[in-house]
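All remarks here apply to the structure that follows.
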Amino acid sequence: MNIASPPETVRAYLDALQGALRGSSPGLISDALADAEEHLQGEIASKPTQSEAEVLATVVETYGTPAEIAEEYKSMEASITGPFPKPEQAPRQHPGFFGVIGDPSAYGALMYMLLSLVTGIFYFVWTVTFGSISLSFLIFIVGIPLMLLYLGSIRVLSHVEGRIVEGLLGVRMPRRLPAASSADETIWTRIKDALSDIRTWSSLFYLLLMLPLGVVYFVLAIVGITVPLALIGGSLEGLITGRSHIQFSDAPYVDHIFHTAPGLVLAMFVGVLLIFLVLHLAKGIGWLHGRIAETLLVRL
Amino acid sequence: MAGLSSLVLLAVLARAGREMYGYEIAKAVKAEGEGGLIFKQGAIYPVLRSLNTLGLLGSRVEASAFGPPRRYYTITDEGRQALNDWQGAWFDMRGFVDDALQSQGVADEHRVSA
């Protein structure tokens with residue numbers, strides 16, 4: 001960053017700010033960039049007679065230089081500790097094994113696992129079909145805009161997936177589309193920029209990866225929901241009606257256990273325990289998938 | 001400085017009594033400090049986020065016609081309570097500092113006249 005020449009465009013300011021924040025968490029960087037962009041665009045809109053460079057020259061005085069702002073965000077990341085008394089905060093208790101039943105993130109992850117089959121299939125079909133079409137059309141002139149459209153659609157899909165991941169898995173993802181390259185660039189430079197950007201490839205890889213992952217998540221979620229519910233429901237029905245229909249086709253010799261009242265109570269107990277286990281599993285998968293999405297999709 | 005800016009921001013939002021977004025708040029703070037700002041406007045945003053995390057401010061995000069989505073902030077009941085407490089602490093501290101500076105001023109005058 002060159003202090004002697006202050007940034008003359010919003011883009012340059014944001015780039016400098018991002019450079020100064022290097023090493024911070026992606027969520028923090030994304031927040032700082034969004035705040036700065038909101039403020040700078042607001043200043044530019046409020047002074048229509050001045051050029052972008054003129055506005056930025058004055059704004060840097062009041063808003064702060066990228067280096068100053070980066071310091072503010074870094075020091076603020078922990079929390080506010082002012083010279084004044086802080087409101088009492090209840091100490092956070094560890095939820096424990098059974099606390100997961102009231103943990104919204106576990107249900108969010110379970111929802112995500114169910115949804116991931118649909119999104120996974122869609123991403124895969126879109127990526128492969130549209131990709132091969134635009135690739136084969138590249139020998140014609142019409143293939144070039146088609147390719148650009150395809151690369152753009154990858155960005156949009158990644159952004160949409162990011163919103164889903166943030167909504168259901170609670171991982172901080174960018175809340176706006178990455179800035180498109182400026183309009184005065186030629187179509188070739190735009191394609192070249194997109195192709196040389198590692199994030200395009202990692203996003204593409206993520207969208208393809210979502211199919212196998214989606215299948216696994218979906219199967220785990222469906223089995224994880226139906227098995228405990230079937231155990232609980234079947235045992236309850238057996239206990240109420242006095243007739244048990246629980247049968248294990250692979251192990252018929254254990255059937256008789258589930259035709260007695262204690263066996264049915266045991267099955268119900270196992271079913272309830274399984275619910276907690278499944279919620280823990282979902283939470284774990286949600287966490288893991290959040291890390292995958294953050295690594296492959298966040299564009300900085 | 002973060003403590004002071006959070007006091008100012010809570011006061012601005014409490015006085016406004018309505019939702020405000022970051023840039024609007026920055027403008028309002030600038031209008032307050034005619035004589036010059038004690039902190040950069042850019043420092044307001046991370047403080048707003050922290051106050052939000054602490055539950056002293058509520059927030060919601062809304063799409064904006066141009067630029068990134070705007071985050072609107074409102075002061076919560078907890079925020080008003082904190083503002084009251086901090087205000088008391090601030091007046092106490094200001095009184096103490098004023099007293100200390102005034103006695104310093106008196107001592108200087110003595111030195112000049114002597």
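Labeling convention for the structure tokens: chains A, B, ... as they appear, residues from 1 per chain, ligands from 1 in order of appearance.
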
- Task: Give the helix (DSSP H, G or I) residues of region 129-177 of chain A, as DSSP finds them on the backbone, and put them as number ranges by chain.
- Result: A: 129-139, 143-169

C-alpha atoms of the current selection, written as a PDB file, in the first residue's frame:
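What follows is the written file part-v1.pdb:
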```pdb
ATOM      1  CA  THR A 129     -24.479 -29.354 -19.232  1.00  0.00           C
ATOM      2  CA  PHE A 130     -24.026 -25.628 -19.625  1.00  0.00           C
ATOM      3  CA  GLY A 131     -20.256 -26.067 -19.305  1.00  0.00           C
ATOM      4  CA  SER A 132     -19.941 -28.588 -22.092  1.00  0.00           C
ATOM      5  CA  ILE A 133     -22.314 -26.624 -24.340  1.00  0.00           C
ATOM      6  CA  SER A 134     -20.399 -23.362 -23.939  1.00  0.00           C
ATOM      7  CA  LEU A 135     -17.084 -25.177 -24.295  1.00  0.00           C
ATOM      8  CA  SER A 136     -18.093 -26.824 -27.579  1.00  0.00           C
ATOM      9  CA  PHE A 137     -19.557 -23.555 -28.902  1.00  0.00           C
ATOM     10  CA  LEU A 138     -16.223 -21.810 -28.306  1.00  0.00           C
ATOM     11  CA  ILE A 139     -15.193 -22.623 -31.902  1.00  0.00           C
ATOM     12  CA  GLY A 143     -19.400 -19.312 -27.930  1.00  0.00           C
ATOM     13  CA  ILE A 144     -17.467 -16.415 -26.397  1.00  0.00           C
ATOM     14  CA  PRO A 145     -20.426 -14.553 -24.837  1.00  0.00           C
ATOM     15  CA  LEU A 146     -21.879 -17.936 -23.953  1.00  0.00           C
ATOM     16  CA  MET A 147     -18.690 -18.779 -22.053  1.00  0.00           C
ATOM     17  CA  LEU A 148     -18.848 -15.453 -20.238  1.00  0.00           C
ATOM     18  CA  LEU A 149     -22.468 -16.118 -19.325  1.00  0.00           C
ATOM     19  CA  TYR A 150     -21.484 -19.542 -18.040  1.00  0.00           C
ATOM     20  CA  LEU A 151     -18.693 -18.166 -15.866  1.00  0.00           C
ATOM     21  CA  GLY A 152     -21.110 -15.523 -14.564  1.00  0.00           C
ATOM     22  CA  SER A 153     -23.684 -18.180 -13.743  1.00  0.00           C
ATOM     23  CA  ILE A 154     -21.056 -20.074 -11.710  1.00  0.00           C
ATOM     24  CA  ARG A 155     -20.537 -16.942  -9.623  1.00  0.00           C
ATOM     25  CA  VAL A 156     -24.253 -16.487  -9.092  1.00  0.00           C
ATOM     26  CA  LEU A 157     -24.744 -20.159  -8.159  1.00  0.00           C
ATOM     27  CA  SER A 158     -21.837 -19.964  -5.705  1.00  0.00           C
ATOM     28  CA  HIS A 159     -23.372 -16.842  -4.190  1.00  0.00           C
ATOM     29  CA  VAL A 160     -26.782 -18.490  -3.823  1.00  0.00           C
ATOM     30  CA  GLU A 161     -25.152 -21.537  -2.243  1.00  0.00           C
ATOM     31  CA  GLY A 162     -23.302 -19.179   0.097  1.00  0.00           C
ATOM     32  CA  ARG A 163     -26.612 -17.663   1.201  1.00  0.00           C
ATOM     33  CA  ILE A 164     -28.046 -21.135   1.867  1.00  0.00           C
ATOM     34  CA  VAL A 165     -24.928 -22.154   3.799  1.00  0.00           C
ATOM     35  CA  GLU A 166     -25.067 -18.991   5.908  1.00  0.00           C
ATOM     36  CA  GLY A 167     -28.793 -19.335   6.539  1.00  0.00           C
ATOM     37  CA  LEU A 168     -28.783 -22.980   7.556  1.00  0.00           C
ATOM     38  CA  LEU A 169     -25.246 -23.651   8.773  1.00  0.00           C
TER      39      LEU A 169
END
```

List every residue of chain B that has an atom at most 8 Å from any atom of chain A, and for each one report the closest atom pair and its distance in Å to one decimal, counting only C-alpha atoms, with rows sorted by chain and then by increasing residue number, as JSON lines.
```
{"residue": "B:Met1", "atom": "CA", "partner": "A:Gly82", "partner_atom": "CA", "distance": 7.2}
{"residue": "B:Ala2", "atom": "CA", "partner": "A:Gly82", "partner_atom": "CA", "distance": 5.8}
{"residue": "B:Gly3", "atom": "CA", "partner": "A:Gly82", "partner_atom": "CA", "distance": 3.7}
{"residue": "B:Leu4", "atom": "CA", "partner": "A:Gly82", "partner_atom": "CA", "distance": 7.2}
{"residue": "B:Gly22", "atom": "CA", "partner": "A:His39", "partner_atom": "CA", "distance": 7.5}
{"residue": "B:Tyr23", "atom": "CA", "partner": "A:His39", "partner_atom": "CA", "distance": 5.3}
{"residue": "B:Lys40", "atom": "CA", "partner": "A:Tyr63", "partner_atom": "CA", "distance": 5.2}
{"residue": "B:Gln41", "atom": "CA", "partner": "A:Tyr63", "partner_atom": "CA", "distance": 4.4}
{"residue": "B:Gly42", "atom": "CA", "partner": "A:Tyr63", "partner_atom": "CA", "distance": 4.5}
{"residue": "B:Ala43", "atom": "CA", "partner": "A:Glu72", "partner_atom": "CA", "distance": 5.9}
{"residue": "B:Tyr45", "atom": "CA", "partner": "A:Asp35", "partner_atom": "CA", "distance": 6.5}
{"residue": "B:Pro46", "atom": "CA", "partner": "A:Tyr73", "partner_atom": "CA", "distance": 5.7}
{"residue": "B:Val47", "atom": "CA", "partner": "A:Met76", "partner_atom": "CA", "distance": 6.9}
{"residue": "B:Ser50", "atom": "CA", "partner": "A:Ser79", "partner_atom": "CA", "distance": 5.9}
{"residue": "B:Leu51", "atom": "CA", "partner": "A:Ile80", "partner_atom": "CA", "distance": 7.5}
{"residue": "B:Gly67", "atom": "CA", "partner": "A:Glu38", "partner_atom": "CA", "distance": 6.2}
{"residue": "B:Pro68", "atom": "CA", "partner": "A:Glu38", "partner_atom": "CA", "distance": 6.1}
{"residue": "B:Pro69", "atom": "CA", "partner": "A:Arg176", "partner_atom": "CA", "distance": 7.5}
{"residue": "B:Arg70", "atom": "CA", "partner": "A:Glu38", "partner_atom": "CA", "distance": 7.2}
{"residue": "B:Ala82", "atom": "CA", "partner": "A:Pro87", "partner_atom": "CA", "distance": 6.6}
{"residue": "B:Asp85", "atom": "CA", "partner": "A:Pro85", "partner_atom": "CA", "distance": 7.7}
{"residue": "B:Trp86", "atom": "CA", "partner": "A:Phe84", "partner_atom": "CA", "distance": 5.9}
{"residue": "B:Ala89", "atom": "CA", "partner": "A:Phe84", "partner_atom": "CA", "distance": 6.7}
{"residue": "B:Trp90", "atom": "CA", "partner": "A:Phe84", "partner_atom": "CA", "distance": 7.9}
```

Output file for the residues above (C-alpha atoms, as a PDB file, in the first residue's frame):
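Written output follows (out10.pdb):
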```pdb
ATOM      1  CA  MET B   1     -11.962   5.429  22.412  1.00  0.00           C
ATOM      2  CA  ALA B   2     -14.292   2.530  21.640  1.00  0.00           C
ATOM      3  CA  GLY B   3     -16.127   3.245  24.902  1.00  0.00           C
ATOM      4  CA  LEU B   4     -16.618   6.889  23.977  1.00  0.00           C
ATOM      5  CA  GLY B  22     -24.562   3.050   9.064  1.00  0.00           C
ATOM      6  CA  TYR B  23     -24.009   5.971   6.700  1.00  0.00           C
ATOM      7  CA  LYS B  40     -12.870   8.639  12.297  1.00  0.00           C
ATOM      8  CA  GLN B  41     -16.240   7.896  10.729  1.00  0.00           C
ATOM      9  CA  GLY B  42     -14.933   4.532   9.611  1.00  0.00           C
ATOM     10  CA  ALA B  43     -14.487   3.583  13.262  1.00  0.00           C
ATOM     11  CA  TYR B  45     -19.108   0.738  11.777  1.00  0.00           C
ATOM     12  CA  PRO B  46     -17.125  -1.859  13.765  1.00  0.00           C
ATOM     13  CA  VAL B  47     -18.467  -0.319  16.983  1.00  0.00           C
ATOM     14  CA  SER B  50     -20.000  -4.900  18.377  1.00  0.00           C
ATOM     15  CA  LEU B  51     -22.929  -3.134  20.062  1.00  0.00           C
ATOM     16  CA  GLY B  67     -24.356  -0.454  -3.442  1.00  0.00           C
ATOM     17  CA  PRO B  68     -24.332  -3.291  -0.933  1.00  0.00           C
ATOM     18  CA  PRO B  69     -27.331  -4.131   1.288  1.00  0.00           C
ATOM     19  CA  ARG B  70     -27.815  -1.707   4.168  1.00  0.00           C
ATOM     20  CA  ALA B  82     -26.507   0.770  29.207  1.00  0.00           C
ATOM     21  CA  ASP B  85     -25.440   3.739  33.180  1.00  0.00           C
ATOM     22  CA  TRP B  86     -22.670   4.972  30.905  1.00  0.00           C
ATOM     23  CA  ALA B  89     -20.270   7.267  34.593  1.00  0.00           C
ATOM     24  CA  TRP B  90     -19.396   9.838  31.931  1.00  0.00           C
TER      25      TRP B  90
END
```

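Of note, CA of Pro7 (chain A) and CA of Phe39 (chain B) are spaced 20.7 Å apart.
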
- Message: Neighbouring residues of Ser203 (chain A) were defined as those with any atom within 10 Å, considering only C-alpha atoms; residues of the same chain fewer than 3 positions away were excluded. Please report them as a ChimeraX atom specification.
- Response: /A:154-155,157-159,198-200,206-209,293,295-299

- Item | Close residues, region 254-257 of chain A itself excluded, 10 Å, only C-alpha atoms, min 6 positions apart in chain, as a list in words | Ser244, His245, Ile246, Gln247, Phe248, Gly263, Leu264, Leu266 and Ala267 of chain A

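A straight line drawn from CA of Gly120 (chain A) to CA of Gly214 (chain A) is 5.4 Å long.
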
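Residue nearest Ala14 (chain B), chosen from B:Thr53, B:Leu83, B:Tyr72, B:Ser59 and counting only C-alpha atoms: B:Leu83.
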
Residues within 10 Å of Ala11 (chain B), only C-alpha atoms, excluding chain neighbours under 3 positions, as a short mmCIF file (atom, residue, chain, number, x, y, z; two decimals) with C-alpha atoms, in the first residue's frame:
```cif
data_model
loop_
_atom_site.label_atom_id
_atom_site.label_comp_id
_atom_site.auth_asym_id
_atom_site.auth_seq_id
_atom_site.Cartn_x
_atom_site.Cartn_y
_atom_site.Cartn_z
CA SER B 5 -17.78 6.16 20.46
CA SER B 6 -20.24 3.53 21.70
CA LEU B 7 -21.64 6.10 24.16
CA VAL B 8 -22.05 8.61 21.32
CA ALA B 14 -31.70 6.83 21.35
CA ARG B 15 -32.38 10.43 20.33
CA ALA B 16 -33.41 9.46 16.79
CA GLY B 17 -35.88 6.92 18.16
CA VAL B 29 -22.39 11.94 14.34
CA ILE B 75 -31.45 0.76 20.14
CA GLY B 79 -29.06 -0.49 25.05
CA ARG B 80 -31.09 2.27 26.72
CA LEU B 83 -26.76 4.32 27.87
CA ASN B 84 -28.19 5.49 31.22
CA GLN B 87 -24.05 8.50 30.91
#
```

- Computed interatomic separation between CA of Ala28 (chain B) and CA of Pro6 (chain A) (Å): 25.6 Å

- Task: Show which residues sit within 7 Å of Leu17 (chain A), as a ChimeraX atom specification. Count only C-alpha atoms, and ignore same-chain residues fewer than 3 positions away.
- Result: /A:13-14,20-21,66-67,70

Keeping N, CA and C atoms, export the residues of the selection given above as an mmCIF file, in the first residue's frame.
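Wrote selection_6.cif, looks like this:
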```
data_model
loop_
_atom_site.group_PDB
_atom_site.id
_atom_site.type_symbol
_atom_site.label_atom_id
_atom_site.label_comp_id
_atom_site.auth_asym_id
_atom_site.auth_seq_id
_atom_site.Cartn_x
_atom_site.Cartn_y
_atom_site.Cartn_z
ATOM 1 N N TYR A 13 -9.806 1.735 -3.001
ATOM 2 C CA TYR A 13 -9.882 1.863 -1.544
ATOM 3 C C TYR A 13 -10.149 0.499 -0.918
ATOM 4 N N LEU A 14 -11.143 -0.211 -1.486
ATOM 5 C CA LEU A 14 -11.520 -1.518 -0.943
ATOM 6 C C LEU A 14 -10.359 -2.506 -1.060
ATOM 7 N N ALA A 20 -4.821 -4.422 3.846
ATOM 8 C CA ALA A 20 -4.438 -4.083 5.222
ATOM 9 C C ALA A 20 -5.031 -5.062 6.226
ATOM 10 N N LEU A 21 -6.127 -5.737 5.823
ATOM 11 C CA LEU A 21 -6.792 -6.668 6.742
ATOM 12 C C LEU A 21 -6.302 -8.102 6.550
ATOM 13 N N PRO A 66 -7.340 3.361 4.685
ATOM 14 C CA PRO A 66 -7.517 1.906 4.785
ATOM 15 C C PRO A 66 -6.754 1.313 5.973
ATOM 16 N N ALA A 67 -5.541 1.794 6.216
ATOM 17 C CA ALA A 67 -4.733 1.237 7.308
ATOM 18 C C ALA A 67 -5.395 1.520 8.661
ATOM 19 N N ALA A 70 -8.522 -0.618 9.039
ATOM 20 C CA ALA A 70 -8.163 -2.019 9.285
ATOM 21 C C ALA A 70 -7.830 -2.204 10.760
#
```
